[in-house]
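**Q** Below: one structure in structure tokens.
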There are 2 protein chains.
Amino acid sequence: MAIHKKEAFSQKEQELAAFAKAMSHPARIAILKVLAQRNECICGEIVDLLPLAQSTVSQHLKELKTAGLIDGTIDGPRSCYCINWKAFEKFMGEFSFLFNKLKVQNEKACC
Amino acid sequence: MAIHKKEAFSQKEQELAAFAKAMSHPARIAILKVLAQRNECICGEIVDLLPLAQSTVSQHLKELKTAGLIDGTIDGPRSCYCINWKAFEKFMGEFSFLFNKLKVQNEKACC
DNA sequence: ATATATTATCGTATATTTGCGATAAAGGAT
DNA sequence: ATCCTTTATCGCAAATATACGATAATATAT
């Protein structure tokens, strides 16, 4: 049983899906919120703010980083993360383009 | 082992995550694109356009509907779907609010 | 009433995600 | 050098998601 046919879709569709997937868990939304609210970068403070174990938070951070939504630098024994605003703008823009542009002509909902 | 602690997060965090999750698969992105491009509602045409079995497409449609991103009405033996633009605007707005608003003060990336 | 067409649901196999504890790795402090 | 702090990774258990075929459900057509 050939499961997961993601390859069968277009590059852009996969990219948008990956972006959405990175934000598809409340813990990751919460992490992004914390990072967005601080001017300086955060590291293990996130662990204290979330109701999850350190290893779990680290895993979520890794996923966000892999997806390109956050940047991380090692600062001595601790890690410093912050939001990658450029990536955010890019994806939000693509979503807006994809759906807002088309919305104009479709304003008259059919269902 | 108490897995999935979504309940431990705020209502809004869960809502945003659920919205993102509904769009976290390329097939569902593709479905939304098709629905957005047509003025009239679509039904099984989607199945012909996607590289997936009918039952799988139906499952994806159900997820999109449950998440509130699309509306569906039964029209005889066929089903008619279309995008719920209001829900879309709501969520896109919340994301923009959450991240764009904060972006201003954080323009100076730290990492 | 019977067939046909369309869509939803069920059952099932497999893949992925989530979460934690334990452990490793890396640097700072004494 | 030895501890201590911080973070990443590994290994594992359990929950979800993905996909399909088969079947049920529904309405139209003959």
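By order in the structure tokens, chains are A, B, ...; within a chain, residues start at 1; ligands start at 1, following the order shown.
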With 9 Å as the limit and counting only C-alpha atoms (C1' of nucleotides), what residues in chain D lie close to chain A? Please list them as a list in words.
**A**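 Going by the stated atoms only, the list reads DT5, DT6, DT7, DA8, DT9, DT18, DA19 and DC20 of chain D.
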**Q** Chain C residues within 12 Å of chain A, counting only C-alpha atoms (C1' of nucleotides): which ones, as a ChimeraX atom specification?
**A** /C:12-23,25-28
**Q** For chain A, work out the contacting residues on chain B at 6 Å, counting only C-alpha atoms, and write them as a ChimeraX atom specification.
**A** /B:13-14,17,20-21,23-26,39,106
**Q** Please identify the strand (DSSP E or B) residues within stretch 1-103 of chain B (assignment by DSSP from backbone atoms) and present them as a list of chain:residue names.
**A**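 So, restricting stretch 1-103 of chain B to strand (DSSP E or B), we get B:Ile42, B:Ile70, B:Asp71, B:Gly72, B:Thr73, B:Ile74, B:Asp75, B:Arg78, B:Ser79, B:Cys80, B:Tyr81, B:Cys82, B:Ile83.
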**Q** Would you mind exporting the chosen residues as a compact mmCIF listing (two decimals), in the first residue's frame, restricted to all heavy atoms?
**A**
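out.txt written:
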# COMPACT_ATOMS: atom_id res chain seq x y z
N ILE B 42 -18.19 22.58 -6.71
CA ILE B 42 -17.65 21.39 -7.34
C ILE B 42 -18.02 20.16 -6.51
O ILE B 42 -18.24 20.27 -5.32
CB ILE B 42 -16.12 21.46 -7.43
CG1 ILE B 42 -15.70 22.80 -7.99
CG2 ILE B 42 -15.60 20.34 -8.28
CD1 ILE B 42 -16.12 23.04 -9.39
N ILE B 70 -14.63 24.77 4.41
CA ILE B 70 -15.52 24.68 3.26
C ILE B 70 -16.93 24.37 3.73
O ILE B 70 -17.14 23.84 4.83
CB ILE B 70 -15.06 23.60 2.25
CG1 ILE B 70 -15.15 22.21 2.87
CG2 ILE B 70 -13.65 23.89 1.77
CD1 ILE B 70 -14.78 21.09 1.90
N ASP B 71 -17.88 24.71 2.88
CA ASP B 71 -19.27 24.36 3.11
C ASP B 71 -19.67 23.30 2.10
O ASP B 71 -19.10 23.24 1.02
CB ASP B 71 -20.17 25.59 2.92
CG ASP B 71 -19.96 26.59 4.04
OD1 ASP B 71 -19.83 26.17 5.19
OD2 ASP B 71 -19.93 27.80 3.75
N GLY B 72 -20.65 22.51 2.47
CA GLY B 72 -21.09 21.48 1.53
C GLY B 72 -22.59 21.29 1.62
O GLY B 72 -23.15 21.28 2.72
N THR B 73 -23.21 21.18 0.47
CA THR B 73 -24.64 20.91 0.44
C THR B 73 -24.87 19.71 -0.47
O THR B 73 -24.15 19.50 -1.44
CB THR B 73 -25.43 22.11 -0.12
OG1 THR B 73 -24.84 22.49 -1.35
CG2 THR B 73 -25.39 23.26 0.84
N ILE B 74 -25.88 18.95 -0.12
CA ILE B 74 -26.21 17.78 -0.91
C ILE B 74 -27.17 18.20 -2.02
O ILE B 74 -28.19 18.82 -1.76
CB ILE B 74 -26.84 16.69 -0.03
CG1 ILE B 74 -25.83 16.25 1.03
CG2 ILE B 74 -27.26 15.50 -0.87
CD1 ILE B 74 -26.42 15.38 2.12
N ASP B 75 -26.81 17.86 -3.24
CA ASP B 75 -27.62 18.24 -4.41
C ASP B 75 -27.96 16.97 -5.15
O ASP B 75 -27.24 16.54 -6.05
CB ASP B 75 -26.81 19.21 -5.28
CG ASP B 75 -27.51 19.49 -6.60
OD1 ASP B 75 -28.75 19.35 -6.64
OD2 ASP B 75 -26.82 19.84 -7.58
N ARG B 78 -25.41 14.01 -5.70
CA ARG B 78 -24.04 14.54 -5.65
C ARG B 78 -23.89 15.61 -4.58
O ARG B 78 -24.87 16.18 -4.12
CB ARG B 78 -23.64 15.06 -7.02
CG ARG B 78 -24.35 16.28 -7.47
CD ARG B 78 -24.31 16.36 -8.98
NE ARG B 78 -25.26 15.43 -9.57
CZ ARG B 78 -25.13 14.85 -10.77
NH1 ARG B 78 -24.07 15.08 -11.49
NH2 ARG B 78 -26.05 14.04 -11.24
N SER B 79 -22.67 15.89 -4.23
CA SER B 79 -22.39 16.86 -3.18
C SER B 79 -21.69 18.07 -3.77
O SER B 79 -20.84 17.95 -4.63
CB SER B 79 -21.51 16.25 -2.10
OG SER B 79 -22.24 15.28 -1.38
N CYS B 80 -22.09 19.20 -3.27
CA CYS B 80 -21.55 20.46 -3.78
C CYS B 80 -20.77 21.16 -2.68
O CYS B 80 -21.30 21.41 -1.61
CB CYS B 80 -22.71 21.32 -4.26
SG CYS B 80 -22.22 22.95 -4.78
N TYR B 81 -19.53 21.46 -2.96
CA TYR B 81 -18.68 22.10 -1.96
C TYR B 81 -18.23 23.48 -2.43
O TYR B 81 -18.09 23.72 -3.63
CB TYR B 81 -17.44 21.25 -1.70
CG TYR B 81 -17.73 19.97 -0.94
CD1 TYR B 81 -17.81 18.76 -1.62
CD2 TYR B 81 -17.94 20.00 0.42
CE1 TYR B 81 -18.07 17.58 -0.92
CE2 TYR B 81 -18.19 18.83 1.12
CZ TYR B 81 -18.26 17.63 0.44
OH TYR B 81 -18.51 16.47 1.12
N CYS B 82 -17.99 24.32 -1.48
CA CYS B 82 -17.36 25.60 -1.82
C CYS B 82 -16.66 26.17 -0.60
O CYS B 82 -16.91 25.74 0.52
CB CYS B 82 -18.38 26.58 -2.37
SG CYS B 82 -19.61 27.05 -1.18
N ILE B 83 -15.78 27.09 -0.86
CA ILE B 83 -14.97 27.64 0.22
C ILE B 83 -15.80 28.52 1.15
O ILE B 83 -16.66 29.27 0.70
CB ILE B 83 -13.80 28.45 -0.36
CG1 ILE B 83 -12.79 27.48 -0.98
CG2 ILE B 83 -13.14 29.30 0.70
CD1 ILE B 83 -11.45 28.07 -1.27
**Q** Tell me, in Å to one decimal, how far atom C1' of D:DC12 is from atom CA of A:Glu63.
**A**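 Taking atom C1' of D:DC12 and atom CA of A:Glu63, their separation equals 19.9 Å.
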**Q** Check the DSSP output for the backbone and give back, as an MDAnalysis selection string, the residues of chain B in helix (DSSP H, G or I).
**A** chainID B and resid 6:8 11:22 26:37 45:49 54:66 85:105
**Q** One number please: atom CA of A:Lys90 to atom C1' of D:DT16, in Å, one decimal.
**A**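 Interatomic distance, atom CA of A:Lys90 to atom C1' of D:DT16: 29.3 Å.
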**Q** Just the number, please: distance in Å from atom C1' of D:DT23 to atom C1' of C:DG11, one decimal.
**A**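 Pair atom C1' of D:DT23 / atom C1' of C:DG11 returns 10.1 Å.
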